[in-house]
Every structure is written in structure tokens, then in C-alpha cells.
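K.L.:
Next comes the structure file target30.txt, holding compact mmCIF, C-alpha atoms.
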# COMPACT_ATOMS: atom_id res chain seq x y z
CA MET A 1 183.23 205.26 247.68
CA GLU A 2 184.66 202.00 246.34
CA GLU A 3 185.59 201.42 242.70
CA SER A 4 185.08 197.92 241.36
CA ALA A 5 187.07 195.83 238.91
CA THR A 6 186.03 196.23 235.28
CA LEU A 7 182.78 194.45 234.44
CA ASP A 8 181.53 193.39 231.03
CA CYS A 9 178.13 195.02 231.49
CA VAL A 10 176.10 196.89 234.09
CA ILE A 11 172.35 196.49 233.67
CA ILE A 12 170.27 199.24 235.27
CA GLY A 13 166.77 198.03 236.08
CA ALA A 14 165.43 194.58 236.93
CA GLY A 15 162.08 194.51 235.21
CA PRO A 16 161.43 191.97 232.44
CA ALA A 17 163.97 193.58 230.08
CA GLY A 18 166.78 193.86 232.60
CA LEU A 19 166.28 190.35 233.97
CA ALA A 20 166.04 188.77 230.51
CA ALA A 21 169.23 190.52 229.43
CA GLY A 22 170.90 189.35 232.63
CA ILE A 23 169.91 185.74 231.95
CA TYR A 24 171.38 185.91 228.44
CA LEU A 25 174.62 187.56 229.53
CA GLN A 26 175.10 185.09 232.39
CA ARG A 27 174.69 182.27 229.90
CA PHE A 28 177.29 184.00 227.71
CA LEU A 29 179.63 183.73 230.73
CA ARG A 30 179.86 187.49 231.03
CA ASP A 31 180.80 189.32 234.22
CA ILE A 32 177.79 191.56 234.87
CA ARG A 33 176.01 193.45 237.59
CA ILE A 34 172.28 194.24 237.74
CA ILE A 35 171.30 197.29 239.79
CA ASP A 36 167.62 197.77 240.60
CA ALA A 37 165.70 200.56 242.35
CA GLU A 38 162.82 198.09 242.93
CA ALA A 39 160.25 200.14 241.01
CA SER A 40 159.40 197.89 238.05
CA ARG A 41 156.11 198.73 236.35
CA ALA A 42 155.49 194.99 236.03
CA THR A 43 154.86 194.72 239.79
CA LEU A 44 151.60 196.62 239.25
CA ILE A 45 150.12 193.90 237.00
CA PRO A 46 147.52 192.00 239.07
CA ARG A 47 147.24 189.27 236.45
CA THR A 48 148.04 189.04 232.77
CA PHE A 49 146.63 186.48 230.37
CA ASN A 50 148.50 187.47 227.22
CA TYR A 51 152.05 186.44 228.16
CA PRO A 52 152.77 183.26 226.18
CA GLY A 53 153.00 180.06 228.20
CA PHE A 54 150.69 181.20 231.01
CA GLY A 55 147.22 180.56 229.66
CA GLU A 56 145.70 180.68 233.14
CA GLY A 57 147.33 184.04 233.80
CA ILE A 58 150.18 185.18 236.01
CA SER A 59 150.75 188.25 238.16
CA GLY A 60 153.56 190.64 237.38
CA ASN A 61 155.30 189.84 240.66
CA ASP A 62 155.12 186.09 240.07
CA LEU A 63 156.49 186.50 236.55
CA LEU A 64 159.38 188.61 237.82
CA GLU A 65 160.08 186.01 240.50
CA GLN A 66 160.37 183.32 237.83
CA PHE A 67 162.77 185.54 235.88
CA ARG A 68 164.87 186.10 239.03
CA ALA A 69 164.93 182.39 239.80
CA GLN A 70 166.19 181.64 236.28
CA LEU A 71 168.80 184.38 236.59
CA GLN A 72 169.99 182.92 239.89
CA ALA A 73 170.09 179.40 238.42
CA ASN A 74 172.53 180.78 235.85
CA GLY A 75 174.73 182.38 238.49
CA GLY A 76 173.34 185.91 238.49
CA ARG A 77 171.64 188.09 241.05
CA VAL A 78 170.11 191.52 241.45
CA MET A 79 171.65 194.17 243.68
CA PRO A 80 169.25 196.77 245.13
CA GLY A 81 170.35 200.36 244.70
CA ARG A 82 170.02 203.56 242.73
CA VAL A 83 172.30 204.85 240.01
CA ALA A 84 173.04 208.56 240.36
CA ARG A 85 174.83 209.00 237.03
CA ILE A 86 176.90 207.35 234.32
CA GLU A 87 180.24 208.80 233.27
CA ARG A 88 182.38 208.09 230.22
CA THR A 89 186.00 207.48 231.12
CA GLU A 90 189.03 208.62 229.15
CA ASP A 91 189.71 205.05 228.02
CA GLY A 92 186.20 204.69 226.55
CA LEU A 93 184.67 202.67 229.39
CA PHE A 94 181.87 203.65 231.78
CA ASN A 95 181.73 204.56 235.44
CA VAL A 96 178.30 203.76 236.85
CA VAL A 97 178.00 205.76 240.05
CA THR A 98 175.64 204.35 242.71
CA GLU A 99 174.96 205.49 246.26
CA SER A 100 177.78 203.32 247.62
CA GLU A 101 180.21 202.43 244.84
CA ILE A 102 181.51 203.15 241.37
CA LEU A 103 181.09 200.28 238.93
CA ARG A 104 183.56 200.29 236.05
CA SER A 105 182.14 198.59 232.97
CA ARG A 106 182.81 198.04 229.29
CA THR A 107 179.11 198.42 228.41
CA VAL A 108 175.87 199.59 230.03
CA LEU A 109 172.30 198.49 229.36
CA LEU A 110 169.50 200.83 230.43
CA ALA A 111 166.27 199.02 231.31
CA THR A 112 164.75 201.67 233.54
CA GLY A 113 161.29 201.70 231.96
CA VAL A 114 158.51 204.24 232.33
CA VAL A 115 156.10 205.49 234.99
CA ASP A 116 152.37 205.76 234.30
CA VAL A 117 150.86 209.21 234.76
CA ASP A 118 147.96 209.04 237.21
CA PRO A 119 145.24 211.65 237.73
CA GLU A 120 144.85 213.49 241.02
CA ILE A 121 141.42 212.10 241.82
CA GLU A 122 140.26 211.33 245.35
CA GLY A 123 140.09 207.55 245.74
CA PHE A 124 142.04 206.78 242.57
CA GLN A 125 145.05 205.26 244.34
CA ALA A 126 142.80 203.12 246.57
CA VAL A 127 141.07 201.71 243.48
CA LYS A 128 144.47 201.18 241.88
CA GLN A 129 145.65 199.23 244.93
CA GLU A 130 142.71 196.88 244.39
CA GLY A 131 144.14 196.12 240.95
CA LEU A 132 141.16 197.69 239.18
CA ILE A 133 142.87 200.42 237.16
CA HIS A 134 144.15 199.32 233.76
CA TYR A 135 146.79 200.87 231.53
CA CYS A 136 147.22 198.40 228.66
CA PRO A 137 144.25 197.42 226.49
CA ILE A 138 146.60 195.34 224.35
CA CYS A 139 147.32 193.25 227.44
CA ASP A 140 143.84 192.84 228.88
CA GLY A 141 141.23 194.39 226.59
CA PHE A 142 140.01 190.89 225.71
CA GLU A 143 139.10 190.23 229.36
CA PHE A 144 136.53 193.07 229.26
CA THR A 145 134.83 192.16 226.01
CA ASN A 146 131.29 193.59 225.96
CA GLU A 147 131.70 195.21 229.39
CA ARG A 148 131.03 198.86 230.18
CA ILE A 149 134.42 200.60 229.95
CA GLY A 150 135.57 204.07 230.95
CA VAL A 151 138.73 205.74 229.65
CA ILE A 152 140.26 208.58 231.69
CA ALA A 153 141.92 211.00 229.29
CA ARG A 154 142.77 214.61 228.63
CA GLU A 155 144.15 214.82 225.09
CA GLU A 156 144.55 213.14 221.71
CA HIS A 157 146.47 210.14 223.08
CA GLY A 158 143.40 209.23 225.13
CA VAL A 159 141.18 209.49 222.07
CA ASP A 160 143.44 207.11 220.16
CA GLU A 161 143.38 204.64 223.04
CA ALA A 162 139.60 204.84 223.39
CA ILE A 163 139.16 204.09 219.69
CA PHE A 164 141.50 201.11 220.05
CA ILE A 165 139.53 199.80 223.05
CA LYS A 166 136.23 200.25 221.17
CA ARG A 167 136.87 196.96 219.41
CA PHE A 168 136.26 195.13 222.69
CA SER A 169 133.05 196.85 223.76
CA ALA A 170 130.26 198.92 222.24
CA ASP A 171 129.61 200.53 225.65
CA LEU A 172 132.57 202.88 225.95
CA THR A 173 132.89 206.33 227.54
CA LEU A 174 135.83 208.75 227.45
CA ILE A 175 136.07 210.87 230.62
CA ASP A 176 137.81 214.12 229.74
CA ILE A 177 139.11 215.24 233.14
CA GLU A 178 140.35 218.57 231.74
CA ASP A 179 136.85 219.55 230.57
CA GLY A 180 137.82 220.26 226.99
CA ALA A 181 141.03 222.18 227.69
CA TYR A 182 143.04 219.93 225.34
CA LEU A 183 140.49 218.12 223.17
CA ASN A 184 139.79 219.97 219.92
CA ASN A 185 136.76 219.68 217.63
CA VAL A 186 138.48 217.06 215.48
CA SER A 187 138.99 214.83 218.53
CA VAL A 188 135.36 215.22 219.60
CA GLU A 189 134.22 214.37 216.07
CA ARG A 190 136.44 211.25 216.05
CA LEU A 191 134.80 210.05 219.26
CA ALA A 192 131.31 210.68 217.87
CA HIS A 193 132.18 208.92 214.61
CA SER A 194 133.35 205.89 216.63
CA ASP A 195 130.17 205.97 218.77
CA ILE A 196 132.15 206.65 221.96
CA ALA A 197 130.33 208.62 224.64
CA LEU A 198 132.07 211.73 225.99
CA VAL A 199 131.87 212.99 229.58
CA GLN A 200 133.68 216.23 230.35
CA GLY A 201 134.36 217.78 233.73
CA LYS A 202 136.27 217.30 236.94
CA VAL A 203 135.99 213.95 238.73
CA SER A 204 135.57 214.69 242.44
CA ALA A 205 135.83 211.08 243.67
CA MET A 206 136.30 207.47 242.63
CA TYR A 207 135.25 204.39 244.59
CA THR A 208 134.21 200.77 244.20
CA ASP A 209 131.16 198.86 245.40
CA GLU A 210 130.81 195.32 246.74
CA SER A 211 130.78 193.87 243.24
CA LYS A 212 134.04 195.69 242.38
CA ARG A 213 132.24 198.01 240.00
CA ILE A 214 134.02 201.35 239.72
CA HIS A 215 132.08 204.58 240.29
CA LEU A 216 133.11 208.09 239.26
CA ARG A 217 131.40 211.03 240.93
CA MET A 218 131.62 214.25 238.94
CA ASP A 219 131.78 217.75 240.37
CA ASP A 220 128.24 218.45 239.20
CA GLY A 221 126.94 215.52 241.28
CA THR A 222 126.37 213.07 238.43
CA GLU A 223 127.81 209.57 238.70
CA HIS A 224 129.03 207.04 236.17
CA SER A 225 129.86 203.39 236.83
CA PHE A 226 132.05 201.00 234.86
CA ALA A 227 133.22 197.41 234.91
CA ALA A 228 136.72 198.57 233.91
CA ILE A 229 138.63 201.85 233.92
CA TYR A 230 141.60 202.57 231.68
CA CYS A 231 143.94 205.43 232.47
CA ALA A 232 145.20 206.98 229.23
CA LEU A 233 147.23 209.92 230.49
CA GLY A 234 150.51 208.67 229.07
CA THR A 235 153.82 207.86 230.74
CA GLU A 236 156.98 209.53 231.98
CA VAL A 237 160.08 207.89 230.51
CA ARG A 238 162.96 207.18 232.87
CA SER A 239 165.57 208.15 230.29
CA GLU A 240 167.60 210.71 232.26
CA LEU A 241 170.65 208.47 232.79
CA GLY A 242 170.98 208.18 229.03
CA THR A 243 170.06 211.72 228.01
CA ASN A 244 172.42 213.18 230.61
CA MET A 245 175.20 211.44 228.69
CA GLY A 246 173.97 212.84 225.39
CA ALA A 247 171.85 209.93 224.15
CA LEU A 248 169.13 211.09 221.78
CA ARG A 249 165.44 210.78 222.58
CA ASN A 250 162.36 211.42 220.49
CA SER A 251 159.60 213.96 221.13
CA GLN A 252 157.91 211.60 223.62
CA GLY A 253 161.11 211.14 225.62
CA TYR A 254 161.93 207.60 224.48
CA LEU A 255 165.57 206.79 223.81
CA VAL A 256 166.48 206.35 220.17
CA VAL A 257 168.21 203.03 219.48
CA ASN A 258 169.51 201.19 216.43
CA PRO A 259 168.48 197.62 215.42
CA HIS A 260 171.01 196.25 217.94
CA MET A 261 169.40 198.32 220.73
CA GLN A 262 172.42 200.59 221.00
CA THR A 263 171.90 204.30 221.59
CA GLY A 264 173.95 206.89 219.73
CA ILE A 265 176.63 206.45 222.38
CA GLU A 266 179.00 203.57 221.69
CA GLY A 267 178.55 200.84 224.30
CA LEU A 268 175.37 202.29 225.81
CA TYR A 269 172.31 200.13 225.11
CA ALA A 270 168.63 200.35 226.04
CA ALA A 271 165.76 197.84 226.09
CA GLY A 272 162.15 197.68 227.18
CA ASP A 273 159.62 200.47 227.69
CA ILE A 274 162.38 203.10 227.72
CA THR A 275 162.65 202.69 223.93
CA ASN A 276 160.13 203.86 221.37
CA HIS A 277 158.52 200.49 220.75
CA LEU A 278 155.35 198.61 221.67
CA SER A 279 155.01 198.53 225.45
CA GLN A 280 154.71 194.79 226.03
CA ILE A 281 156.64 192.33 228.18
CA THR A 282 157.22 190.11 225.17
CA VAL A 283 158.72 193.06 223.29
CA ALA A 284 160.89 194.02 226.29
CA THR A 285 162.32 190.52 226.63
CA GLY A 286 162.85 190.29 222.88
CA GLN A 287 164.73 193.58 222.88
CA ALA A 288 166.75 192.36 225.85
CA SER A 289 167.85 189.26 223.97
CA ILE A 290 168.90 191.41 221.00
CA ALA A 291 170.80 193.84 223.22
CA ALA A 292 172.50 191.11 225.27
CA THR A 293 173.64 189.26 222.17
CA ALA A 294 174.91 192.50 220.61
CA ILE A 295 176.80 193.32 223.82
CA HIS A 296 178.36 189.84 223.91
CA ASN A 297 179.39 190.03 220.25
CA ARG A 298 180.81 193.52 220.74
CA LEU A 299 182.96 192.37 223.66
CA GLN A 300 184.06 189.23 221.83
CA ASP A 301 185.10 191.18 218.73
CA ARG A 302 187.22 193.48 220.88
Show how you would write the structure in this file as C-alpha cells.
P.N.:
Amino acid sequence: MEESATLDCVIIGAGPAGLAAGIYLQRFLRDIRIIDAEASRATLIPRTFNYPGFGEGISGNDLLEQFRAQLQANGGRVMPGRVARIERTEDGLFNVVTESEILRSRTVLLATGVVDVDPEIEGFQAVKQEGLIHYCPICDGFEFTNERIGVIAREEHGVDEAIFIKRFSADLTLIDIEDGAYLNNVSVERLAHSDIALVQGKVSAMYTDESKRIHLRMDDGTEHSFAAIYCALGTEVRSELGTNMGALRNSQGYLVVNPHMQTGIEGLYAAGDITNHLSQITVATGQASIAATAIHNRLQDR
């Protein structure tokens, strides 16, 4: 396994946060490397209308391609690969160990993001492939104003999300796929108070019709149809590379960072959905600009 010359920064992840940080650091004339496992959550966005500057909407893949093109125009590029672990060296630097090489770096920026938790429902993934499953009402709730909306949930987080979505439509139903195993009486009362219908029970199948309306067939044979389905089962945070080094995370698994996006480990930074902040592309790119500037200033001071 080869060991590289010392870099200024290794960025792990090439979603919006990683690419934005790369653009900044390239423009700071820093020697960086971006390693990407090609699993950005942004690739799942069929079209977003709330990213500033794209009033007619843009897909996640097209947005990432524009980020990559800007990175390349500034002399940077993304290297495909997976990082197995990060090690702290005796001289205070980092060894970033990939499948094929060891990258020696003065700083590391984690931009590995999160993975949405999906239910094990027959037909769910097929509907998702059609771009008809939604995860972010902040991003696209406006597009379904006054439509019939279903929210797949199992616990309090789903109740909170349903109440948030209620602003966009009076016709809202929470589908409790665990049939009351996690929802307590307080949660049920909150739904009733917000005039949100509650359906409890196992979903045996999900499918779409010719008009792209989504149908849920319950185990008892009843069916419900919706113009939009939100999945509110939470996320799994890809924070292991940081926590394995001793970086702190909160109870939800998000890495704890300071105002400069640095974790509790000197020289180890994080940006994007991996941190405990609003899960938005604009936030991720903003955090990336803060982190990249902090990294540049840190290196310059030393």
C-alpha cells in the first residue's frame, strides 16, 4: 500500500458539502484530495425547487455535476474509493487509509452524510425508484400544497414531521407501520389535536397507478391512496470514521462540532448532514465554506 506526500486536507465524501469545501480549498491554493464512495444522498433528489438560483428546479445529480464542473475548473477532482479508517500519527497529522493507499494529511474534513431509513414494504423501492418517495418537507412540501399526503412513521419523530407537513395540506394521514408499538397516548392526542388522520397496521404492499398516485394496501385488505408519501423513519448517520477516532456525537449520532466546524479532535472537521444541523443543501454548502476557511486559516497560522 502506497503512502502519499503530505496533503493540506483530505475531504471524505463528494456530496454538496464535500464538493463545496473542495472548491473553496482549491481556490485557497491548497493541496487536497477528495475521496468519494459514490453514495451521496443528493443523487436521490429527482428535482428540487428550493435551492436558490434554480427557480425552475434541478435534479440532485445535475446539481452535483455543476459542483464537480466548478471544482474541476479550479483544478480539483474527485477520486472514487472508500476510506477504511483514519489514524492520528505521532507528529499530530493524519493517515487516511483507503483500499489502495495511505493519504498523509494535515487536516481531514468528514462530509459523509446520512442514509435514510426505509421501511421493508413490498413495492417501496420500486416506488422510490420512480422518484415518488419524499424525505424532506422543508425541500418540497410547497409542491404538494392542498394535496392528499401520507406520512410513513413509527414513533415521535414521525409525529413531529406530520405536524410540520400539516401546514401544506389539510388532508394528511400518518401511517403507523408498527401498529402502536412506539406511539404513546400523548402522540396520538397530538395527531388528533392537529386534525391528522391515523392509520395503524402493517402495510403489505405499495404501488402506483397510471396517474402516479401512490397506493398502500394494508394487511387487513383496506387501501389508502395519496398524491405524495413522506418517509419519516429517520436516518443513520455515517459518523463512524470520526467516532472511531474519539470524536463526540450526540444522542442521534450526529458529530458534535464547534462554530468553525471542527470536532473535538484538533484538525478533524465535519460538514453537512453528518452534523447536528438543519438537513439542507444550502446549510451543507454554508458549513463547507466555514470549514474550508477555518482549515485554510489553521494551516496558514501554522
K.L.:
Set up a box along x, y and z of the file covering all listed atoms of stretch 277-291 of chain A, add 4 Å on every one of the six sides, and write the centre and edge lengths in Å to one decimal, as AutoDock Vina command-line options.
P.N.:
--center_x 162.8 --center_y 194.9 --center_z 224.5 --size_x 24.1 --size_y 19.2 --size_z 15.4
K.L.:
Would you write out, as JSON lines, a table of all residues in stretch 85-129 of chain A that have an atom no more than 12 Å from an atom of stretch 151-165 of chain A, listing for each the closest atom pair and the distance in Å to one decimal, considering all atoms listed in the file and ordering rows by chain and rising residue number?
P.N.:
{"residue": "A:Val117", "atom": "CA", "partner": "A:Ala153", "partner_atom": "CA", "distance": 10.6}
{"residue": "A:Asp118", "atom": "CA", "partner": "A:Ile152", "partner_atom": "CA", "distance": 9.5}
{"residue": "A:Pro119", "atom": "CA", "partner": "A:Ile152", "partner_atom": "CA", "distance": 8.4}
{"residue": "A:Glu120", "atom": "CA", "partner": "A:Ile152", "partner_atom": "CA", "distance": 11.5}
{"residue": "A:Ile121", "atom": "CA", "partner": "A:Ile152", "partner_atom": "CA", "distance": 10.8}
{"residue": "A:Phe124", "atom": "CA", "partner": "A:Ile152", "partner_atom": "CA", "distance": 11.2}
K.L.:
When you count only C-alpha atoms, which of these residues is closest to A:Phe67: A:Ile281, A:Leu103, A:Cys139, A:Ile177?
P.N.:
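Among the listed residues, the smallest separation from A:Phe67 belongs to A:Ile281.
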K.L.:
What lies within 9 Å of stretch 27-32 of chain A using all atoms listed in the file, ignoring chain neighbours under 4 positions off, as a ChimeraX atom specification?
P.N.:
/A:6-11,22-23,74-76,105,292-293,296
K.L.:
For a test of reading the model, state the distance in Å between atom CA of A:Ile12 and atom CA of A:Thr48, rounded to one decimal.
P.N.:
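Pair atom CA of A:Ile12 / atom CA of A:Thr48 returns 24.6 Å.
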K.L.:
At most 8 Å is the cut-off: for each residue in stretch 255-284 of chain A with any atom that close to an atom of stretch 236-241 of chain A, write down the nearest atom pair and the distance in Å rounded to one decimal, counting only C-alpha atoms, chain first then increasing number, as CSV.
P.N.:
residue,atom,partner,partner_atom,distance
A:Leu255,CA,A:Ser239,CA,6.6
A:Asp273,CA,A:Val237,CA,8.0
A:Ile274,CA,A:Val237,CA,6.0
K.L.:
With distances taken over only C-alpha atoms, which of A:Gly253, A:Pro259, A:Gly131, A:Gly13 is nearest to A:Pro80?
P.N.:
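Among the listed residues, A:Gly13 lies closest to A:Pro80.
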K.L.:
Quick one: distance from atom CA of A:Ala42 to atom CA of A:Gly60 in Å, one decimal?
P.N.:
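One can read the atom CA of A:Ala42 to atom CA of A:Gly60 distance as 4.9 Å.
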K.L.:
Taking all atoms listed in the file into account, name the residue in A:Ser40, A:Asn297, A:Thr145, A:Asn185 that is nearest to A:Gly272.
P.N.:
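Ranking A:Ser40, A:Asn297, A:Thr145, A:Asn185 by distance to A:Gly272, first place goes to A:Ser40.
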K.L.:
Restricting the calculation to all atoms listed in the file: of A:Arg104, A:Leu109, A:Cys231, A:Lys202, which residue gets closest to A:Gln125?
P.N.:
A:Cys231
K.L.:
Would you work out the distance separating atom CA of A:Ser194 from atom CA of A:Ile149, expressed in Å to one decimal?
P.N.:
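Separating atom CA of A:Ser194 from atom CA of A:Ile149 is a distance of 14.4 Å.
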